[in-house]
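Peer 1: Enclosed is the structure file coords_1.txt (compact mmCIF, C-alpha atoms).
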# COMPACT_ATOMS: atom_id res chain seq x y z
CA MET A 26 26.39 3.54 2.00
CA SER A 27 26.94 6.17 -0.71
CA GLU A 28 24.56 4.20 -2.93
CA ALA A 29 21.93 4.32 -0.16
CA VAL A 30 22.31 8.11 0.06
CA LEU A 31 21.97 8.36 -3.72
CA ILE A 32 18.76 6.28 -3.73
CA PHE A 33 17.39 8.22 -0.74
CA LEU A 34 17.91 11.58 -2.42
CA ASN A 35 16.71 10.41 -5.82
CA GLY A 36 13.70 8.77 -4.21
CA VAL A 37 12.56 11.79 -2.21
CA ILE A 38 13.21 14.26 -5.03
CA GLY A 39 11.82 11.83 -7.63
CA VAL A 40 8.48 11.29 -5.86
CA PHE A 41 7.97 15.06 -5.45
CA ALA A 42 9.03 15.71 -9.04
CA VAL A 43 6.50 13.17 -10.37
CA MET A 44 3.77 14.67 -8.16
CA CYS A 45 4.68 18.18 -9.37
CA VAL A 46 4.30 17.14 -13.01
CA LEU A 47 1.07 15.29 -12.21
CA TYR A 48 -0.23 18.35 -10.33
CA GLY A 49 0.52 20.53 -13.36
CA ALA A 50 -1.20 18.03 -15.64
CA LEU A 51 -4.31 17.92 -13.41
CA LYS A 52 -4.50 21.72 -13.20
CA LEU A 53 -4.21 21.93 -16.99
CA LEU A 54 -6.85 19.24 -17.33
CA GLY A 55 -9.19 21.22 -15.06
CA VAL A 56 -8.67 24.42 -17.07
CA VAL A 57 -9.21 22.72 -20.45
CA VAL A 58 -12.34 20.90 -19.29
CA ASN A 59 -13.78 24.10 -17.81
CA LEU A 60 -13.11 26.01 -21.05
CA GLU A 61 -14.74 23.22 -23.02
CA GLN A 62 -17.82 23.33 -20.78
CA LYS A 63 -18.12 27.12 -21.04
CA GLU A 64 -17.97 26.93 -24.85
CA THR A 65 -20.66 24.26 -24.85
CA GLU A 66 -22.89 26.38 -22.59
CA GLN A 67 -22.47 29.41 -24.91
CA MET B 4 8.24 -53.73 7.31
CA ILE B 5 4.91 -52.24 6.21
CA GLY B 6 4.52 -50.62 9.62
CA SER B 7 8.01 -49.14 9.36
CA SER B 8 7.26 -47.56 5.94
CA PHE B 9 4.03 -46.14 7.31
CA MET B 10 5.90 -44.67 10.28
CA GLN B 11 8.48 -43.15 7.91
CA GLY B 12 5.68 -41.42 6.04
CA LEU B 13 4.06 -39.97 9.14
CA GLY B 14 4.33 -36.21 9.04
CA LEU B 15 4.05 -36.13 12.80
CA LEU B 16 7.47 -37.76 13.23
CA HIS B 17 9.11 -35.14 11.00
CA LEU B 18 7.67 -32.15 12.81
CA SER B 19 10.35 -29.73 14.02
CA ILE B 20 10.11 -27.19 16.83
CA GLY B 21 10.38 -24.38 14.25
CA GLU B 22 7.33 -25.72 12.43
CA VAL B 23 5.38 -25.90 15.69
CA VAL B 24 6.29 -22.26 16.35
CA MET B 25 5.03 -21.41 12.85
CA PHE B 26 1.74 -23.16 13.68
CA VAL B 27 1.42 -20.75 16.60
CA VAL B 28 2.11 -17.81 14.26
CA ALA B 29 -0.54 -19.16 11.85
CA PHE B 30 -3.13 -19.58 14.63
CA VAL B 31 -2.42 -16.07 15.96
CA LEU B 32 -3.07 -14.57 12.50
CA ILE B 33 -6.21 -16.68 12.03
CA TYR B 34 -7.38 -15.62 15.51
CA LEU B 35 -6.71 -11.93 14.78
CA ALA B 36 -8.58 -12.23 11.47
CA ILE B 37 -11.65 -13.99 12.91
CA ALA B 38 -11.93 -12.69 16.47
CA LYS B 39 -10.53 -9.18 16.05
CA GLN B 40 -11.33 -8.75 12.33
CA PHE B 41 -7.81 -7.44 11.59
CA GLU B 42 -7.65 -7.32 7.77
CA PRO B 43 -9.50 -10.68 7.66
CA LEU B 44 -9.57 -10.87 3.85
CA LEU B 45 -5.79 -11.19 3.83
CA LEU B 46 -4.73 -12.41 7.25
CA LEU B 47 -7.08 -15.41 7.17
CA PRO B 48 -5.69 -16.95 3.94
CA ILE B 49 -2.15 -15.91 4.94
CA GLY B 50 -2.54 -17.69 8.29
CA PHE B 51 -3.87 -20.80 6.60
CA GLY B 52 -1.08 -20.66 4.02
CA ILE B 53 1.50 -20.56 6.85
CA LEU B 54 -0.15 -23.57 8.45
CA LEU B 55 -0.04 -25.56 5.19
CA ALA B 56 3.53 -24.56 4.32
CA ASN B 57 4.77 -25.86 7.67
CA LEU B 58 3.11 -29.25 7.60
CA PRO B 59 5.96 -31.71 6.98
CA LEU B 60 6.25 -34.01 3.95
CA THR B 61 3.45 -32.33 2.01
CA ASP B 62 5.74 -30.88 -0.67
CA LEU B 63 3.17 -28.13 -1.20
CA MET B 64 5.97 -25.63 -1.81
CA LYS B 65 8.26 -27.99 -3.73
CA PRO B 66 9.41 -26.17 -6.89
CA ASN B 67 7.65 -27.28 -10.10
CA GLU B 68 5.45 -29.75 -8.19
CA GLY B 69 3.70 -28.32 -5.15
CA LEU B 70 0.25 -26.76 -5.42
CA LEU B 71 1.10 -23.73 -3.30
CA TRP B 72 4.39 -23.28 -5.19
CA ARG B 73 2.39 -23.05 -8.42
CA PHE B 74 0.10 -20.41 -6.91
CA TYR B 75 3.16 -18.49 -5.70
CA HIS B 76 5.19 -18.93 -8.87
CA TYR B 77 2.52 -18.09 -11.43
CA GLY B 78 0.71 -15.58 -9.24
CA ILE B 79 3.43 -13.59 -7.53
CA GLN B 80 6.75 -14.43 -9.16
CA TRP B 81 5.18 -13.90 -12.58
CA GLU B 82 3.86 -10.53 -11.29
CA VAL B 83 0.25 -11.37 -12.08
CA ILE B 84 -1.62 -11.02 -8.79
CA PRO B 85 -0.49 -7.59 -7.43
CA PRO B 86 -1.35 -5.77 -10.70
CA LEU B 87 -4.75 -7.54 -10.79
CA ILE B 88 -5.41 -6.38 -7.22
CA PHE B 89 -4.67 -2.86 -8.46
CA LEU B 90 -7.15 -3.33 -11.30
CA GLY B 91 -9.82 -3.99 -8.69
CA LEU B 92 -8.65 -1.14 -6.46
CA GLY B 93 -8.79 1.26 -9.43
CA ALA B 94 -12.36 0.17 -10.17
CA MET B 95 -13.28 0.78 -6.52
CA THR B 96 -11.57 4.17 -6.14
CA ASP B 97 -13.30 7.51 -6.53
CA PHE B 98 -10.62 10.06 -7.45
CA GLY B 99 -13.13 12.94 -7.12
CA PRO B 100 -11.71 14.24 -3.79
CA LEU B 101 -8.24 14.48 -5.34
CA LEU B 102 -9.45 16.07 -8.58
CA SER B 103 -11.47 18.68 -6.72
CA ARG B 104 -8.31 19.90 -4.97
CA PRO B 105 -5.21 18.74 -6.92
CA SER B 106 -2.75 20.38 -4.47
CA LEU B 107 -3.52 17.53 -2.02
CA ILE B 108 -1.49 15.27 -4.31
CA PHE B 109 1.66 16.59 -2.60
CA LEU B 110 0.55 15.07 0.70
CA GLY B 111 0.68 11.68 -1.02
CA ALA B 112 4.32 12.45 -1.78
CA GLY B 113 5.00 13.78 1.73
CA ALA B 114 4.18 10.45 3.34
CA GLN B 115 6.65 8.71 1.00
CA VAL B 116 9.51 10.61 2.66
CA GLY B 117 8.97 8.22 5.57
CA VAL B 118 9.46 5.29 3.18
CA TYR B 119 12.89 6.59 2.21
CA ILE B 120 13.89 7.47 5.78
CA THR B 121 13.03 3.90 6.82
CA PHE B 122 14.95 2.57 3.83
CA PHE B 123 17.98 4.48 5.03
CA CYS B 124 17.56 3.27 8.63
CA ALA B 125 17.18 -0.35 7.48
CA LYS B 126 20.45 -0.01 5.58
CA LEU B 127 22.09 1.27 8.78
CA PHE B 128 20.75 -1.81 10.59
CA GLY B 129 22.74 -3.96 8.15
CA PHE B 130 20.12 -4.99 5.59
CA THR B 131 21.14 -5.06 1.94
CA LEU B 132 19.84 -2.27 -0.31
CA PRO B 133 17.07 -4.42 -1.90
CA GLU B 134 15.99 -5.66 1.55
CA ALA B 135 16.05 -2.12 2.95
CA ALA B 136 13.86 -0.91 0.05
CA THR B 137 11.36 -3.69 0.69
CA ILE B 138 11.19 -2.82 4.40
CA GLY B 139 10.90 0.91 3.65
CA ILE B 140 7.91 0.45 1.35
CA ILE B 141 5.90 -0.97 4.30
CA GLY B 142 5.58 2.70 5.34
CA GLY B 143 3.52 3.28 2.20
CA ALA B 144 0.82 1.18 3.89
CA ASP B 145 0.04 -0.54 0.63
CA GLY B 146 -0.03 -4.34 0.78
CA PRO B 147 0.02 -5.22 -2.95
CA THR B 148 2.88 -2.78 -3.62
CA THR B 149 4.86 -4.22 -0.71
CA ILE B 150 4.34 -7.75 -2.03
CA TYR B 151 5.20 -6.70 -5.59
CA LEU B 152 8.44 -5.00 -4.54
CA ALA B 153 9.41 -7.83 -2.15
CA SER B 154 8.88 -10.47 -4.85
CA LYS B 155 11.24 -8.58 -7.15
CA LEU B 156 13.88 -7.38 -4.70
CA ALA B 157 13.87 -9.55 -1.58
CA PRO B 158 11.74 -12.71 -1.93
CA GLY B 159 13.10 -13.97 1.40
CA LEU B 160 11.36 -11.10 3.19
CA LEU B 161 8.10 -11.35 1.26
CA GLY B 162 6.11 -13.11 3.96
CA SER B 163 7.29 -11.04 6.91
CA CYS B 164 6.95 -7.72 5.03
CA ALA B 165 3.44 -8.60 3.81
CA VAL B 166 2.27 -9.65 7.27
CA ALA B 167 3.84 -6.52 8.80
CA ALA B 168 2.16 -4.30 6.18
CA TYR B 169 -1.31 -5.82 6.61
CA SER B 170 -1.05 -6.05 10.40
CA TYR B 171 -0.03 -2.42 10.76
CA MET B 172 -2.71 -1.36 8.27
CA ALA B 173 -5.22 -2.92 10.64
CA LEU B 174 -3.55 -1.02 13.49
CA VAL B 175 -3.72 2.40 11.80
CA PRO B 176 -6.32 3.63 14.37
CA ILE B 177 -3.79 2.86 17.11
CA ILE B 178 -0.54 3.91 15.40
CA GLN B 179 -1.56 7.21 13.78
CA PRO B 180 -3.44 9.21 16.46
CA PRO B 181 -0.50 9.61 18.90
CA VAL B 182 1.80 10.74 16.08
CA ILE B 183 -0.79 13.21 14.79
CA LYS B 184 -1.47 14.59 18.28
CA LEU B 185 2.24 14.99 18.92
CA LEU B 186 2.69 17.12 15.80
CA THR B 187 -0.47 19.23 15.80
CA SER B 188 -2.10 21.66 18.22
CA GLU B 189 -5.78 21.54 19.24
CA LYS B 190 -6.31 24.70 17.16
CA GLU B 191 -4.80 23.09 14.05
CA ARG B 192 -6.87 19.94 14.50
CA SER B 193 -10.06 21.98 14.62
CA ILE B 194 -9.48 23.78 11.28
CA VAL B 195 -12.62 23.38 9.19
CA MET B 196 -12.02 22.92 5.47
CA LYS B 197 -14.34 24.39 2.83
CA LYS B 198 -16.46 22.10 0.71
CA SER B 199 -14.62 21.04 -2.45
CA ARG B 200 -15.84 21.86 -5.94
CA LYS B 201 -17.83 19.38 -8.00
CA VAL B 202 -15.77 17.38 -10.51
CA SER B 203 -17.14 16.88 -14.04
CA GLY B 204 -17.52 13.47 -15.65
CA LEU B 205 -15.07 14.41 -18.41
CA GLU B 206 -12.34 15.21 -15.85
CA ARG B 207 -12.93 11.86 -14.17
CA ILE B 208 -12.55 10.02 -17.50
CA LEU B 209 -9.44 11.94 -18.56
CA PHE B 210 -7.72 11.53 -15.17
CA PRO B 211 -6.70 7.86 -15.53
CA LEU B 212 -5.49 8.46 -19.08
CA VAL B 213 -3.41 11.50 -18.15
CA THR B 214 -2.00 9.89 -15.00
CA THR B 215 -1.02 6.71 -16.83
CA VAL B 216 0.91 8.62 -19.48
CA VAL B 217 2.55 11.11 -17.08
CA VAL B 218 3.61 8.66 -14.38
CA ILE B 219 4.76 5.85 -16.66
CA LEU B 220 6.73 8.23 -18.87
CA LEU B 221 8.56 9.50 -15.77
CA VAL B 222 8.91 6.20 -13.89
CA PRO B 223 8.58 3.32 -16.39
CA ALA B 224 9.25 0.72 -13.67
CA SER B 225 5.92 1.64 -12.08
CA ALA B 226 4.04 0.58 -15.24
CA PRO B 227 2.55 -2.80 -14.18
CA LEU B 228 0.88 -1.43 -11.05
CA MET B 229 0.02 2.05 -12.30
CA ALA B 230 -1.38 0.81 -15.64
CA MET B 231 -3.73 -1.68 -13.98
CA PHE B 232 -4.76 0.81 -11.29
CA MET B 233 -5.73 3.38 -13.89
CA LEU B 234 -7.36 0.85 -16.22
CA GLY B 235 -9.62 -0.21 -13.36
CA ASN B 236 -10.49 3.42 -12.73
CA LEU B 237 -11.21 4.02 -16.42
CA PHE B 238 -13.61 1.03 -16.33
CA ARG B 239 -15.39 2.72 -13.44
CA GLU B 240 -15.52 6.26 -14.76
CA SER B 241 -16.22 5.55 -18.43
CA GLY B 242 -19.68 4.25 -17.50
CA VAL B 243 -19.82 2.02 -20.58
CA VAL B 244 -18.27 -1.18 -19.19
CA GLU B 245 -20.30 -1.69 -16.05
CA ARG B 246 -19.80 -5.46 -16.24
CA LEU B 247 -16.01 -5.19 -16.41
CA SER B 248 -15.94 -2.66 -13.61
CA SER B 249 -18.15 -4.86 -11.46
CA ALA B 250 -16.07 -7.97 -12.22
CA ALA B 251 -12.82 -6.16 -11.38
CA GLN B 252 -14.26 -4.88 -8.08
CA ASN B 253 -15.93 -8.09 -7.00
CA GLU B 254 -15.28 -11.50 -8.57
CA LEU B 255 -11.75 -10.89 -9.84
CA MET B 256 -10.70 -9.02 -6.70
CA ASN B 257 -12.01 -11.79 -4.46
CA ILE B 258 -10.38 -14.56 -6.48
CA VAL B 259 -6.94 -12.93 -6.62
CA THR B 260 -7.15 -12.03 -2.92
CA ILE B 261 -7.50 -15.74 -2.08
CA PHE B 262 -4.47 -16.67 -4.17
CA LEU B 263 -2.46 -13.69 -2.91
CA GLY B 264 -3.10 -14.52 0.73
CA ILE B 265 -2.41 -18.22 0.52
CA SER B 266 0.70 -17.71 -1.65
CA VAL B 267 2.18 -15.13 0.74
CA GLY B 268 1.47 -17.40 3.72
CA ALA B 269 3.07 -20.33 1.94
CA THR B 270 6.39 -18.46 1.67
CA MET B 271 6.61 -18.28 5.47
CA ASN B 272 8.26 -21.51 6.50
CA ALA B 273 10.22 -21.90 9.71
CA ALA B 274 13.61 -21.66 7.97
CA THR B 275 12.89 -18.26 6.38
CA PHE B 276 10.67 -16.72 9.07
CA LEU B 277 12.29 -17.64 12.36
CA LYS B 278 15.28 -15.35 12.07
CA PRO B 279 16.29 -12.36 14.21
CA GLN B 280 16.09 -10.11 11.15
CA VAL B 281 12.32 -10.69 10.96
CA LEU B 282 11.96 -8.94 14.33
CA PHE B 283 13.82 -5.99 12.81
CA VAL B 284 11.44 -6.07 9.84
CA PHE B 285 8.45 -5.74 12.19
CA PHE B 286 10.12 -3.03 14.23
CA LEU B 287 11.18 -1.06 11.14
CA GLY B 288 7.73 -1.58 9.60
CA LEU B 289 6.14 0.06 12.63
CA PHE B 290 8.74 2.84 12.48
CA ALA B 291 7.96 3.28 8.76
CA PHE B 292 4.23 3.70 9.46
CA ALA B 293 4.84 6.24 12.22
CA ILE B 294 7.44 8.24 10.32
CA SER B 295 5.35 8.32 7.11
CA THR B 296 2.42 9.63 9.14
CA ALA B 297 4.71 12.28 10.65
CA THR B 298 6.18 13.42 7.33
CA GLY B 299 2.69 13.72 5.84
CA VAL B 300 1.48 15.88 8.73
CA LEU B 301 4.62 18.04 8.65
CA LEU B 302 4.25 18.63 4.91
CA ALA B 303 0.62 19.67 5.42
CA LYS B 304 1.79 22.15 8.06
CA ALA B 305 4.45 23.47 5.68
CA MET B 306 1.84 23.85 2.91
CA ASN B 307 -0.29 25.95 5.27
CA ILE B 308 2.48 28.57 5.37
CA PHE B 309 1.88 29.25 1.67
CA LEU B 310 -1.84 28.52 1.30
CA SER B 311 -4.37 31.34 1.72
CA GLU B 312 -7.13 28.81 2.39
CA LYS B 313 -5.70 26.69 5.22
CA ILE B 314 -5.95 22.92 5.24
CA ASN B 315 -6.33 20.81 8.36
CA PRO B 316 -2.78 19.40 8.80
CA MET B 317 -4.17 16.08 10.04
CA ILE B 318 -5.14 15.17 6.47
CA GLY B 319 -1.40 14.85 5.74
CA ALA B 320 -1.46 11.67 7.83
CA ALA B 321 -3.83 10.17 5.28
CA GLY B 322 -1.01 10.41 2.73
CA VAL B 323 -0.07 6.87 3.72
CA SER B 324 -2.22 4.81 1.43
CA ALA B 325 -4.16 2.74 3.96
CA VAL B 326 -7.44 3.46 2.13
CA PRO B 327 -9.85 4.35 3.66
CA MET B 328 -8.72 3.53 7.20
CA SER B 329 -6.37 6.49 7.67
CA ALA B 330 -8.92 8.92 6.18
CA ARG B 331 -11.45 7.64 8.73
CA VAL B 332 -8.96 8.08 11.56
CA VAL B 333 -8.34 11.69 10.52
CA HIS B 334 -12.08 12.32 10.20
CA LYS B 335 -12.73 10.93 13.69
CA MET B 336 -9.94 13.01 15.21
CA GLY B 337 -11.25 16.10 13.40
CA GLN B 338 -14.70 15.58 14.92
CA GLU B 339 -13.17 15.14 18.38
CA ALA B 340 -11.47 18.53 18.00
CA ASN B 341 -14.45 20.28 16.43
CA ARG B 342 -17.86 18.66 16.08
CA LYS B 343 -18.58 20.72 12.94
CA ASN B 344 -15.51 19.31 11.24
CA TYR B 345 -16.18 16.90 8.39
CA LEU B 346 -12.81 15.80 7.05
CA LEU B 347 -13.54 12.41 5.49
CA MET B 348 -13.74 13.49 1.84
CA HIS B 349 -10.87 15.98 2.29
CA ALA B 350 -8.68 13.22 3.74
CA MET B 351 -9.61 10.84 0.91
CA GLY B 352 -7.67 13.12 -1.49
CA PRO B 353 -4.25 12.57 0.13
CA ASN B 354 -5.25 8.97 0.88
CA ILE B 355 -5.59 8.05 -2.80
CA ALA B 356 -2.66 10.30 -3.72
CA GLY B 357 -0.71 8.13 -1.28
CA VAL B 358 -1.51 5.05 -3.37
CA ILE B 359 -0.07 6.78 -6.44
CA GLY B 360 2.90 8.00 -4.36
CA THR B 361 3.68 4.52 -3.06
CA ILE B 362 3.59 3.05 -6.58
CA VAL B 363 5.97 5.79 -7.73
CA ALA B 364 8.28 5.18 -4.73
CA ALA B 365 8.33 1.46 -5.52
CA GLY B 366 9.04 2.25 -9.17
CA ILE B 367 12.01 4.42 -8.18
CA PHE B 368 13.39 1.64 -5.97
CA LEU B 369 13.08 -0.79 -8.88
CA THR B 370 14.77 1.64 -11.26
CA PHE B 371 17.84 1.73 -9.02
CA LEU B 372 17.95 -1.76 -7.59
CA LYS B 373 16.57 -4.27 -10.07
Would you kindly transcribe this structure into C-alpha cells?
Peer 2:
Amino acid sequence: MSEAVLIFLNGVIGVFAVMCVLYGALKLLGVVVNLEQKETEQ
Amino acid sequence: MIGSSFMQGLGLLHLSIGEVVMFVVAFVLIYLAIAKQFEPLLLLPIGFGILLANLPLTDLMKPNEGLLWRFYHYGIQWEVIPPLIFLGLGAMTDFGPLLSRPSLIFLGAGAQVGVYITFFCAKLFGFTLPEAATIGIIGGADGPTTIYLASKLAPGLLGSCAVAAYSYMALVPIIQPPVIKLLTSEKERSIVMKKSRKVSGLERILFPLVTTVVVILLVPASAPLMAMFMLGNLFRESGVVERLSSAAQNELMNIVTIFLGISVGATMNAATFLKPQVLFVFFLGLFAFAISTATGVLLAKAMNIFLSEKINPMIGAAGVSAVPMSARVVHKMGQEANRKNYLLMHAMGPNIAGVIGTIVAAGIFLTFLK
C-alpha cells in the first residue's frame, strides 16, 4: 500500500509539475513570437 | 468414421456457455454501435472481434498462428497502433484554443487527479498496482492511451478497460452533466468568457516542437504517444506536407482503427472476460470518469479565486480528454444557463490539454510500474 501512496503522490504532483513547465514554455513562446512580430512590423 | 471426424470438427459441439455469453456481449456492442451510434468506429470492430475470438476451433488467437493474434501481437503488443492513432489525432487537433489561453493547461492536469484517485481506490479493491493503474487511466477518457497502458501493464484487462473507456466516452453527455451541476451554481454556469486572442502561425508551428522536448525530457516514458501526437500536429500546422497530414487524418487513421478495434475485441474471450473483477473494472471506470470530471471542475473553481478575469468553472470538466464530446457537453450546459454563452472554443482548450495530461499520467505510471 505504501507503494500505491508513493505513486499517487508522485503522479498528482508530477502531472502538475509537467503542466507548470509546459505553461512556462508556452508563455515564453508567446512572448518571443510577439517580440519577433513587433520587430518585423518596425 | 468419416462422419465421426466431421462431428469432431464441428465448432457447434465445442461451444461453451461462456462463449455463448460472449456472443451476447458482442451483439450488444454491435447493436449499440449501429442502432445507438455509441462510438461506432471502435465498438463495431470490437464487437465483431469478440464474436470471432469466441467461435470455437478457429485458432484465430492461437499464438504465432492465428490471424487475429498477429493483428494483436504486431499491432498492440509491439506498440504500433496506439502511437499511430495519436499521429492521426495530432493531425486533426487544433491547439489554437489552448495557445490563446495557456493557463487552461492546468485544467488538463486537474482532471488527471481523478485518474490517481481511482488508481488508489482500485488498489483498495484488491487489484495489483499495474491493474489499478490501467483502471485509473480510464478516467482520462482516452481510448488509445488506455489500450497502450493496458497492453504494457495489465494485458488481461485490455479488453474490458478498452470497452469501458469507449463506452463511457459515448456516455459523456449522461455522466458529466449531473456531476457538473452538483459542483457549480447557476451563477457560475452562466459566466461568459471573453473572446480569446488570435494565435499566430509561428506559435502553432513551434508548439509541437516545444511540447515534444519539454514533456519527453520530463517524462521519457510518454515518448511513443507524445512524439506521434506532436508529429501529427506539426504535419498539420507546418502547411508544407498537406498530403502527409491528410493521410494521417484519414487513410492511416481509418486503417489503424480497424486493426485496433478487432485486436482489442479478440482479446476478450470467455476465460478472461467473464470474471467478477471485470464488473469492478466497469464500476471503477464509471467512478473514474465522474471523479475526473469533478476534480477538473473543482480546479477551475480554485483558479477563479486567483484569476482577475473569471473562467466558467464548467470548462474544467472538459479536462477529461473525450475530445470533442466533453467540450460540447460544457457548451450545451453553458447555453442552457445563459443563451449568450458560447463556451465551445474555451472548453476545447482544457479538452486538448486533457489529452496531453492523460499521456503524461500514463507515462508516470509506466515510469513507476514497468
Peer 1: Hey, what's within 7 Å of segment 48-54 of chain A if we count only C-alpha atoms and toss same-chain stuff fewer than 6 positions away? As a ChimeraX atom specification, please?
Peer 2: /B:105-106,108,206
Peer 1: Could you write out the selected residues, including C-alpha atoms, as a CSV table (one decimal), keeping the file's coordinate frame?
Peer 2:
chain,number,residue,atom,x,y,z
B,105,PRO,CA,-5.2,18.7,-6.9
B,106,SER,CA,-2.8,20.4,-4.5
B,108,ILE,CA,-1.5,15.3,-4.3
B,206,GLU,CA,-12.3,15.2,-15.8
Peer 1: Excluding segment 31-46 of chain A and residues on its chain fewer than 6 positions from it, collect all residues at most 8 Å away from it, counting all atoms listed in the file, and give them as a PyMOL selection string.
Peer 2: chain B and resi 108-109+112-113+115-116+119-120+122-123+217-218+221+360+363-364+367-368+371
Peer 1: When you look at Phe238 of chain B with a cut-off of 10 Å (counting all atoms listed in the file), what residues show up, excluding the ones that are within fewer than 4 positions of it in the same chain? I need them as a ChimeraX atom specification.
Peer 2: /B:90-91,93-95,208,211,233-234,242-249,251
Peer 1: Restricting the calculation to only C-alpha atoms: of B:Val259, B:Cys124, B:Leu156, B:Ala56, which residue gets closest to Met26 of chain A?
Peer 2: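 Closest candidate: B:Cys124.
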Peer 1: Take atom CA of Ser163 of chain B and atom CA of Gly78 of chain B and report the distance between them in Å, one decimal.
Peer 2: 18.0 Å
Peer 1: Could you tell me how far atom CA of Ala291 of chain B sits from atom CA of Thr215 of chain B, in Å to one decimal place?
Peer 2: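 Distance between the two atoms: 27.3 Å.
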Peer 1: So how far away is atom CA of Thr296 of chain B from atom CA of Met336 of chain B, in Å?
Peer 2: 14.2 Å
Peer 1: With all atoms listed in the file as the atoms that count, which of B:Ser103, B:Gln280, B:Asn57, B:Asn67 lies nearest to Arg207 of chain B?
Peer 2: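 Of B:Ser103, B:Gln280, B:Asn57, B:Asn67, the one nearest Arg207 of chain B, counting all atoms listed in the file, is B:Ser103.
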Peer 1: Using all atoms listed in the file and a cutoff of 12 Å, can you tell me which residues are near (20.9, -2.1, 12.5) in the file's coordinates, and write them out as a ChimeraX atom specification?
Peer 2: /B:121-131,135,279-280,282-284,286-287
Peer 1: For Lys343 of chain B, work out the shell of residues within 12 Å, counting only C-alpha atoms and skipping chain neighbours fewer than 2 positions away, then give it as a PyMOL selection string.
Peer 2: chain B and resi 192-197+334-341+345-346
